[in-house]
Amino acid sequence: MKELKFDANGLIPAVVQDASTREVLTVAYMNKESLDKSLETRETWFYSRSRQELWHKGATSGNTQKIVEMKYDCDGDALVVLVEPAGPACHTGAVSCFSESLVAGEPSISANLGDFAVMLELEKTIRQREQDMPEGAYTTYLFEKGVDKILKKVGEEAAEVIIAAKNRDPEELKWEAADLLYHLMVLLQEQKLPLKDVLGVLNKRKKPSAGE
């Protein structure tokens, strides 16, 4: 803490990034108290300049940000916070607060990450279904039947994807692919394997090894 330089108002800017994708999610401010809370809870706390009070990201929406790593720059007057987001970072429902462009460029992966927010929401919903087991819910039914039933459904949906692809039917394929992804996410939850771990494998694979 002694290495950090807070401004005249006792604040320091914090750039929040997704730990997996490195997409910038938001920029907010911390004071010493919110920084202490962030370090203590391992979730992001900020200081609202407009309301002049501390606020815990996700306290109302549930879209918390688990801190993976926190860095400060060479001058000690800015922070970078790498997080695992439990949902969209922006109050608009977008993954990132940075969705508008001043200079238009070629579409990039990071520019379209908002399209994948549904996967995080789906993971969260499936996890909640397993905890609450609401009566009548299909996800509850799968968890009640157990891993064998879930595996059977994954296999069935994979076969349906193959058939749709062989039939060259994009309309059918998108629905069957969605069914497969859903059942795969249920399986990951049953196995207690977070989606981020799977994404971590893909991230490692995209990095060229030495000599390539």
# chains A, B, ... in the order shown; residues from 1 in each chain; ligands from 1
call {"tool": "select_by_dssp", "arguments": {"residues": "stretch 65-190 of chain A", "states": "alpha helix (DSSP H)", "output": "PyMOL selection string"}}
result
chain A and resi 117-132+138-145+147-166+170-190
call {"tool": "select_by_dssp", "arguments": {"residues": "stretch 7-204 of chain A", "states": "strand (DSSP E or B)", "output": "ChimeraX atom specification"}}
result
/A:12-18,24-30,43,45-48,53-56,65-72,79-85
call {"tool": "residues_around", "arguments": {"residues": "stretch 25-35 of chain A", "least_positions_apart": "3", "cutoff": "9 Å", "atoms": "only C-alpha atoms", "output": "PDB file with C-alpha atoms, in the first residue's frame"}}
result
ATOM      1  CA  MET A   1       0.000   0.000   0.000  1.00  0.00           C
ATOM      2  CA  PHE A   6      -3.567   8.449  -4.229  1.00  0.00           C
ATOM      3  CA  ASN A   9      -9.142  13.343  -3.256  1.00  0.00           C
ATOM      4  CA  GLY A  10      -7.619  10.143  -1.892  1.00  0.00           C
ATOM      5  CA  LEU A  11      -8.471   8.143  -5.021  1.00  0.00           C
ATOM      6  CA  ILE A  12      -6.603   5.944  -7.466  1.00  0.00           C
ATOM      7  CA  PRO A  13      -7.954   4.766 -10.868  1.00  0.00           C
ATOM      8  CA  ALA A  14      -8.468   1.015 -11.301  1.00  0.00           C
ATOM      9  CA  VAL A  15      -8.627  -0.570 -14.750  1.00  0.00           C
ATOM     10  CA  VAL A  16     -10.600  -3.811 -14.477  1.00  0.00           C
ATOM     11  CA  GLN A  17      -9.829  -6.559 -17.006  1.00  0.00           C
ATOM     12  CA  ASP A  18     -11.187 -10.047 -17.587  1.00  0.00           C
ATOM     13  CA  ARG A  22      -7.803  -9.450 -21.029  1.00  0.00           C
ATOM     14  CA  SER A  38     -11.043  -5.570  -2.242  1.00  0.00           C
ATOM     15  CA  LEU A  39      -7.897  -7.196  -0.890  1.00  0.00           C
ATOM     16  CA  GLU A  40      -9.738  -8.663   2.092  1.00  0.00           C
ATOM     17  CA  THR A  44     -13.892  -5.598  -6.348  1.00  0.00           C
ATOM     18  CA  TRP A  45     -14.972  -2.650  -4.202  1.00  0.00           C
ATOM     19  CA  PHE A  46     -14.870   0.893  -5.518  1.00  0.00           C
ATOM     20  CA  TYR A  47     -15.510   4.465  -4.412  1.00  0.00           C
ATOM     21  CA  SER A  48     -18.340   6.315  -6.157  1.00  0.00           C
ATOM     22  CA  ARG A  49     -17.363   9.921  -6.791  1.00  0.00           C
ATOM     23  CA  LEU A  54     -18.154   2.727  -1.235  1.00  0.00           C
ATOM     24  CA  TRP A  55     -19.841   0.241  -3.527  1.00  0.00           C
ATOM     25  CA  HIS A  56     -19.358  -3.490  -3.946  1.00  0.00           C
ATOM     26  CA  PRO A  88     -21.731  -8.400 -17.295  1.00  0.00           C
ATOM     27  CA  ALA A  89     -19.598  -5.551 -15.976  1.00  0.00           C
ATOM     28  CA  CYS A  90     -21.721  -2.731 -17.380  1.00  0.00           C
ATOM     29  CA  VAL A  95     -19.932  -7.471 -20.902  1.00  0.00           C
ATOM     30  CA  SER A  96     -17.761  -4.348 -20.994  1.00  0.00           C
ATOM     31  CA  CYS A  97     -18.473  -0.672 -20.391  1.00  0.00           C
ATOM     32  CA  PHE A  98     -16.323   0.020 -23.456  1.00  0.00           C
TER      33      PHE A  98
END
call {"tool": "closest_residue", "arguments": {"among": "A:Glu171, A:Leu142, A:Ala177, A:Gln191", "to": "A:Glu157", "atoms": "only C-alpha atoms"}}
result
A:Ala177
call {"tool": "residues_around", "arguments": {"residues": "stretch 194-196 of chain A", "least_positions_apart": "3", "cutoff": "10 Å", "atoms": "only C-alpha atoms", "output": "mmCIF file with N, CA and C atoms, in the first residue's frame"}}
result
data_model
loop_
_atom_site.group_PDB
_atom_site.id
_atom_site.type_symbol
_atom_site.label_atom_id
_atom_site.label_comp_id
_atom_site.auth_asym_id
_atom_site.auth_seq_id
_atom_site.Cartn_x
_atom_site.Cartn_y
_atom_site.Cartn_z
ATOM 1 N N ALA A 19 -9.674 -11.662 -16.568
ATOM 2 C CA ALA A 19 -8.407 -12.383 -16.416
ATOM 3 C C ALA A 19 -8.173 -13.368 -17.550
ATOM 4 N N SER A 20 -9.234 -13.864 -18.174
ATOM 5 C CA SER A 20 -9.090 -14.847 -19.252
ATOM 6 C C SER A 20 -8.873 -14.198 -20.603
ATOM 7 N N GLU A 84 -12.301 -12.506 -12.464
ATOM 8 C CA GLU A 84 -13.195 -13.496 -13.062
ATOM 9 C C GLU A 84 -14.610 -12.962 -12.851
ATOM 10 N N MET A 119 -23.120 -17.198 -22.144
ATOM 11 C CA MET A 119 -22.498 -18.407 -21.609
ATOM 12 C C MET A 119 -22.233 -18.265 -20.116
ATOM 13 N N LEU A 120 -21.800 -17.080 -19.700
ATOM 14 C CA LEU A 120 -21.573 -16.833 -18.280
ATOM 15 C C LEU A 120 -22.893 -16.859 -17.515
ATOM 16 N N GLU A 123 -24.048 -20.502 -17.246
ATOM 17 C CA GLU A 123 -23.304 -21.215 -16.216
ATOM 18 C C GLU A 123 -23.824 -20.852 -14.830
ATOM 19 N N MET A 185 -22.783 -27.813 -20.679
ATOM 20 C CA MET A 185 -22.623 -26.946 -19.507
ATOM 21 C C MET A 185 -23.196 -27.611 -18.253
ATOM 22 N N LEU A 188 -20.567 -30.075 -17.170
ATOM 23 C CA LEU A 188 -19.440 -29.405 -16.513
ATOM 24 C C LEU A 188 -19.785 -29.062 -15.063
ATOM 25 N N GLN A 189 -21.028 -28.596 -14.835
ATOM 26 C CA GLN A 189 -21.446 -28.267 -13.475
ATOM 27 C C GLN A 189 -21.528 -29.531 -12.617
ATOM 28 N N GLN A 191 -19.778 -32.094 -12.883
ATOM 29 C CA GLN A 191 -18.410 -32.517 -12.626
ATOM 30 C C GLN A 191 -17.628 -31.464 -11.837
ATOM 31 N N LEU A 199 -11.917 -22.797 -21.045
ATOM 32 C CA LEU A 199 -11.426 -21.666 -21.833
ATOM 33 C C LEU A 199 -9.923 -21.477 -21.638
ATOM 34 N N GLY A 200 -9.450 -21.795 -20.424
ATOM 35 C CA GLY A 200 -8.018 -21.702 -20.154
ATOM 36 C C GLY A 200 -7.216 -22.649 -21.033
ATOM 37 N N VAL A 201 -7.759 -23.844 -21.268
ATOM 38 C CA VAL A 201 -7.094 -24.806 -22.154
ATOM 39 C C VAL A 201 -7.025 -24.246 -23.579
ATOM 40 N N LEU A 202 -8.130 -23.661 -24.031
ATOM 41 C CA LEU A 202 -8.150 -23.078 -25.375
ATOM 42 C C LEU A 202 -7.162 -21.930 -25.487
#
call {"tool": "decode", "arguments": {"residues": "stretch 193-204 of chain A", "atoms": "N, CA and C atoms", "output": "tab-separated table (two decimals), in the first residue's frame"}}
result
chain	number	residue	atom	x	y	z
A	193	LEU	N	-16.55	-28.60	-12.86
A	193	LEU	CA	-15.49	-28.08	-13.72
A	193	LEU	C	-15.94	-26.74	-14.29
A	194	PRO	N	-15.37	-25.61	-13.82
A	194	PRO	CA	-15.79	-24.30	-14.31
A	194	PRO	C	-15.50	-24.12	-15.80
A	195	LEU	N	-16.36	-23.38	-16.47
A	195	LEU	CA	-16.16	-23.10	-17.89
A	195	LEU	C	-14.83	-22.40	-18.13
A	196	LYS	N	-14.41	-21.56	-17.18
A	196	LYS	CA	-13.15	-20.83	-17.36
A	196	LYS	C	-11.96	-21.77	-17.47
A	197	ASP	N	-12.05	-22.95	-16.85
A	197	ASP	CA	-10.96	-23.92	-16.95
A	197	ASP	C	-10.86	-24.46	-18.38
A	198	VAL	N	-12.01	-24.68	-19.00
A	198	VAL	CA	-12.03	-25.13	-20.39
A	198	VAL	C	-11.49	-24.03	-21.30
A	199	LEU	N	-11.92	-22.80	-21.05
A	199	LEU	CA	-11.43	-21.67	-21.83
A	199	LEU	C	-9.92	-21.48	-21.64
A	200	GLY	N	-9.45	-21.80	-20.42
A	200	GLY	CA	-8.02	-21.70	-20.15
A	200	GLY	C	-7.22	-22.65	-21.03
A	201	VAL	N	-7.76	-23.84	-21.27
A	201	VAL	CA	-7.09	-24.81	-22.15
A	201	VAL	C	-7.02	-24.25	-23.58
A	202	LEU	N	-8.13	-23.66	-24.03
A	202	LEU	CA	-8.15	-23.08	-25.37
A	202	LEU	C	-7.16	-21.93	-25.49
A	203	ASN	N	-7.05	-21.13	-24.42
A	203	ASN	CA	-6.09	-20.02	-24.43
A	203	ASN	C	-4.66	-20.52	-24.55
A	204	LYS	N	-4.37	-21.62	-23.84
A	204	LYS	CA	-3.03	-22.20	-23.91
A	204	LYS	C	-2.74	-22.75	-25.30
